[in-house]
Amino acid sequence: MDAHACFDSTLPAFLLAHIRAVTDATPDKPPSPAFDGLPVNLRALLELALAVSEESEPQTPSDSSSEIYKLGNLTLVVWTNGKALVKFTGETMLSLGRLVTGRAIFRRKDFWLTLQECGVQALPIVSLISFLIGVILAFVGNVQLANFGANLFVADLVGIAMVREMGVMMTAIIMSGRTGAAFAAHLGSMKANEEIDALRTFGFNPFDFLVLPRLLSLLVMMPLLTIYANFAGILGGMLVGYFVGIPPVLYWTETLAAVTLTASSLGVIKSVFFGAIIAIGSCRQGMQAGNSTAAVGQATTRAVVTAITSVIVLDSAFAAIFTLLHI
Amino acid sequence: MSATPELTAAKVTVKGLTMTYGTQVVMHDLDFEIFDKDIFVIMGGSGCGKSTLLRHLIGLLEPAKGSISFDGKNFTAADPAERTDTVRRFGVMYQSGALWSSLTLGENISVPLEESGKIPPKTLRDLVAYKLALVGLAGYENYYPSQISGGMKKRAGIARAMARDPDLLFLDEPGAGLDPLSSRRLDDLILRLRDSQGSTIVIVTHELASIFNISNRAIFLDSATHSQGALGNPCDLRDHSENPAVRLFLNRGTQPTSPR
């Protein structure tokens with residue numbers, strides 16, 4: 001009788017499921033199954049599976065299926081997220097205040113490194129994208145304007161579109177995807193590895209130490225990159241203009257006449273705000289990430305999505321304001 | 001190593017501490033004191049809230065109820081500036097080492113040192129070299145945390161925790177994941193540090209060998225009742241504790257009711 005039998009896991013699984021089913025059906029007097037007569041190894045496995053674990057802490061996850069529960073949960077999430085964002089922005093402002101009064105402590109080296117990372121190292125991609133945007137605008141404009149024999153106005157179109165909108169927009173989107181993701185991933189992994197806690201227990205303020213250098217770098221670099229992107233875009237338009245018969249010198253004078261100082265400063269002013277929301281948004285996602293490696297990935301995704309979304313929303317707000325002010 | 005030091009004024013006093021995560025109570029009504037030069041162990045089963053208690057002690061989490069005092073000064077009710085001053089006297093080693101990954105080992109130690117005041121570069125270099133030598137990592141100044149092994153990271157974490165000669169050293173699971181020899185060496189290191197530097201050390205661990213080896217006082221967190229299971233010398237607790245859960249834990253589950 002006490003022989004070993006040959007079976008795979010389906011058999012004990014089947015038996016266990018049935019024993020569980022009987023137990024659940026009669027919770028008042030749970031059955032005490034007798035395993036006499038079963039092969040030794042099967043009996044041992046069943047006893048093991050039925051043994052109550054030592055720390056039987058009944059975890060009753062709350063009923064999450066009902067719609068009201070989901071709605072309530074969603075509301076709470078929105079509320080806490082909103083509060084966290086406001087708190088983070090406030091902390092960042094306080095941190096900026098400490099910078100002005102000279103009490104903020106961070107490593108100068110960190111600032112220069114970040115500056116290099118989101119400045120010089122972003123140049124190739126910013127050049128390529130803005131140049132191509134200029135080319136595309138010029139092509140589209142040329143096809144339409146040629147109908148009226150007004151090819152030359154391609155220069156006006158490209159110039160104004162680049163300096164007012166496309167230059168700053170493309171730079172902001174590139175920086176969201178490139179630098180925002182890098183900020184969130186770096187801070188998120190520092191968070192998961194308790195490095196941010198370590199800063200805190202050494203008496204450092206993590207905002208001064210981590211967020212401030214990143215915010216400052218983007219505030220410095222966004223306007224510079226935007227101006228650079230504007231030139232790259234106009235250069236792209238000029239190239240297309242050359243091929244459709246507008247001499248570069250003529251194109252350049254036409255651009256200079258069309259693009260006013262007001263128009264070109266609008267983009268640069270916007271870029272400062274975009275830089276701030278990209279830096280604050282993505283640092284926040286990183287600093288408030290969960291304590292696991294999976295959370296780092298989520299934080300990075302969220303950082304990019306929120307940065308791009310808020311850049312575009314803010315840009316439409318700017319468009320509305322500028323229209324109202326007749327700028 | 002179980003000589004009880006004479007009871008001086010308490011270094012750390014915890015009164016009626018209740019810790020929660022959201023609505024879930026992790027531990028309630030903890031009452032204990034840590035004395036000068038103690039090697040105080042926080043022990044308990046996995047997930048019972050040992051690290052949570054440590055994070056409360058170092059001010060990373062706020063108590064739901066109760067208070068924590070250092071040298072008789074209430075820490076829980078203190079204003080942020082006072083708290084920062086208190087925290088500056090701590091050294092903390094985190095479970096994973098938590099070395100700043102973008103800095104070398106040398107910079108990991110020099111950054112906290114630089115923050116606490118102007119130190120000439122030569123002295124700073126000597127200090128860093130000395131701290132690393134203390135934990136057996138002499139010459140590793142220019143390595144990044146990703147380039148060294150897990151045991152070395154823990155030791156580097158201890159070196160960084162000791163950077164400012166703290167009078168309270170908190171170690172979160174220093175021996176976890178180390179081979180028996182390294183873990184033993186770490187115990188020796190902790191004992192020698194206590195004896196030569198005179199710091200008070202608080203350790204979170206569930207490694208029985210180290211508990212009996214180095215600790216003179218311990219608190220047991222009981223995950224079944226969510227409360228303080230026992231407080232006292234671990235060897236005494238192992239043999240004479242009134243709480244069966246404590247004896248069970250300290251005897252690896254063999255003494256009171258041996259299964260089968």
# chains A, B, ... in the order shown; residues from 1 in each chain; ligands from 1
>>> residues_around(residues="stretch 105-122 of chain A", least_positions_apart="2", cutoff="10 Å", atoms="only C-alpha atoms", output="ChimeraX atom specification")
/A:95,98-99,102-103,124-127,171,174-175,178-180,182-183,204-222,224-225 /B:102,111,115
>>> interface_residues(of="chain A", to="chain B", cutoff="9 Å", atoms="only C-alpha atoms", output="list in words")
Glu55, Ser56, Glu57, Ile105, Arg107, Met190, Asn193, Glu194, Glu195, Ile196, Asp197, Ala198, Leu199, Arg200, Thr201, Phe202, Gly203 and Phe204 of chain A
>>> select_by_dssp(residues="stretch 21-156 of chain B", states="strand (DSSP E)", output="ChimeraX atom specification")
/B:21,24-35,39-44,65-70,73-74,90-93
>>> atom_distance(atom1="atom CA of A:Met287", atom2="atom CA of A:Met93")
15.9 Å
>>> residues_around(residues="stretch 138-146 of chain B", least_positions_apart="3", cutoff="8 Å", atoms="only C-alpha atoms", output="PyMOL selection string")
chain B and resi 99-107+128-130+132-135+149+153
>>> atom_distance(atom1="atom CA of B:Gly49", atom2="atom CA of B:Pro63")
12.9 Å
>>> residues_around(residues="A:Ala13", least_positions_apart="4", cutoff="12 Å", atoms="only C-alpha atoms", output="compact mmCIF listing (two decimals) with all heavy atoms, in the first residue's frame")
# COMPACT_ATOMS: atom_id res chain seq x y z
N PHE A 7 2.74 9.99 -11.11
CA PHE A 7 1.69 10.90 -11.57
C PHE A 7 2.34 12.25 -11.77
O PHE A 7 3.43 12.51 -11.26
CB PHE A 7 0.54 10.99 -10.56
CG PHE A 7 0.99 11.33 -9.17
CD1 PHE A 7 1.16 12.66 -8.80
CD2 PHE A 7 1.26 10.34 -8.24
CE1 PHE A 7 1.57 12.99 -7.52
CE2 PHE A 7 1.69 10.66 -6.97
CZ PHE A 7 1.85 11.98 -6.61
N ASP A 8 1.67 13.11 -12.51
CA ASP A 8 2.19 14.47 -12.60
C ASP A 8 1.32 15.39 -11.74
O ASP A 8 0.43 14.92 -11.04
CB ASP A 8 2.29 14.95 -14.06
CG ASP A 8 0.93 15.09 -14.70
OD1 ASP A 8 -0.07 14.90 -13.97
OD2 ASP A 8 0.86 15.36 -15.90
N SER A 9 1.53 16.68 -11.80
CA SER A 9 0.87 17.59 -10.86
C SER A 9 -0.62 17.70 -11.06
O SER A 9 -1.33 18.22 -10.20
CB SER A 9 1.49 18.98 -10.96
OG SER A 9 2.74 18.97 -10.35
N ALA A 17 -8.33 20.76 -5.51
CA ALA A 17 -9.45 21.61 -5.90
C ALA A 17 -10.75 21.06 -5.35
O ALA A 17 -11.61 21.81 -4.87
CB ALA A 17 -9.51 21.72 -7.42
N HIS A 18 -10.91 19.73 -5.38
CA HIS A 18 -12.15 19.14 -4.87
C HIS A 18 -12.27 19.26 -3.37
O HIS A 18 -13.33 19.58 -2.84
CB HIS A 18 -12.26 17.68 -5.33
CG HIS A 18 -12.80 17.59 -6.71
ND1 HIS A 18 -14.14 17.39 -6.97
CD2 HIS A 18 -12.20 17.76 -7.91
CE1 HIS A 18 -14.31 17.42 -8.27
NE2 HIS A 18 -13.16 17.64 -8.88
N ILE A 19 -11.15 19.04 -2.67
CA ILE A 19 -11.18 19.19 -1.21
C ILE A 19 -11.54 20.62 -0.83
O ILE A 19 -12.38 20.87 0.03
CB ILE A 19 -9.82 18.79 -0.60
CG1 ILE A 19 -9.56 17.31 -0.86
CG2 ILE A 19 -9.78 19.06 0.89
CD1 ILE A 19 -8.16 16.86 -0.51
N ARG A 20 -10.91 21.59 -1.55
CA ARG A 20 -11.20 23.01 -1.31
C ARG A 20 -12.68 23.31 -1.54
O ARG A 20 -13.31 24.02 -0.76
CB ARG A 20 -10.36 23.90 -2.23
CG ARG A 20 -8.94 24.06 -1.78
CD ARG A 20 -8.78 25.24 -0.83
NE ARG A 20 -7.63 25.08 0.05
CZ ARG A 20 -6.38 25.32 -0.34
NH1 ARG A 20 -6.14 25.75 -1.56
NH2 ARG A 20 -5.38 25.13 0.49
N LEU A 42 1.94 10.83 -2.92
CA LEU A 42 0.75 11.64 -3.17
C LEU A 42 0.20 12.18 -1.86
O LEU A 42 -0.16 13.35 -1.74
CB LEU A 42 -0.31 10.80 -3.89
CG LEU A 42 -1.61 11.53 -4.19
CD1 LEU A 42 -1.36 12.76 -5.03
CD2 LEU A 42 -2.58 10.61 -4.91
N LEU A 45 2.29 15.08 -0.56
CA LEU A 45 2.07 16.33 -1.30
C LEU A 45 0.76 16.97 -0.88
O LEU A 45 0.69 18.19 -0.69
CB LEU A 45 2.05 16.06 -2.80
CG LEU A 45 3.41 15.80 -3.43
CD1 LEU A 45 3.26 15.41 -4.88
CD2 LEU A 45 4.28 17.04 -3.32
N LEU A 46 -0.29 16.15 -0.71
CA LEU A 46 -1.59 16.71 -0.34
C LEU A 46 -1.53 17.31 1.05
O LEU A 46 -2.10 18.38 1.31
CB LEU A 46 -2.67 15.64 -0.41
CG LEU A 46 -3.18 15.37 -1.83
CD1 LEU A 46 -4.16 14.22 -1.83
CD2 LEU A 46 -3.82 16.61 -2.42
N ALA A 49 0.12 20.62 0.84
CA ALA A 49 -0.71 21.66 0.24
C ALA A 49 -1.80 22.11 1.17
O ALA A 49 -2.23 23.27 1.14
CB ALA A 49 -1.31 21.16 -1.07
N LEU A 50 -2.28 21.16 2.04
CA LEU A 50 -3.40 21.51 2.92
C LEU A 50 -2.94 22.12 4.23
O LEU A 50 -3.75 22.66 4.98
CB LEU A 50 -4.24 20.27 3.20
CG LEU A 50 -5.15 19.86 2.04
CD1 LEU A 50 -5.79 18.53 2.33
CD2 LEU A 50 -6.22 20.92 1.81
>>> closest_residue(among="A:Asn151, A:Gln285, A:Asn142, A:Asn73", to="A:Gly188", atoms="only C-alpha atoms")
A:Gln285
>>> residues_around(residues="stretch 32-38 of chain A", least_positions_apart="2", cutoff="12 Å", atoms="only C-alpha atoms", output="MDAnalysis selection string")
chainID A and resid 1:6 11:12 15:16 18:20 22:23 26 29:30 40:47 50:51
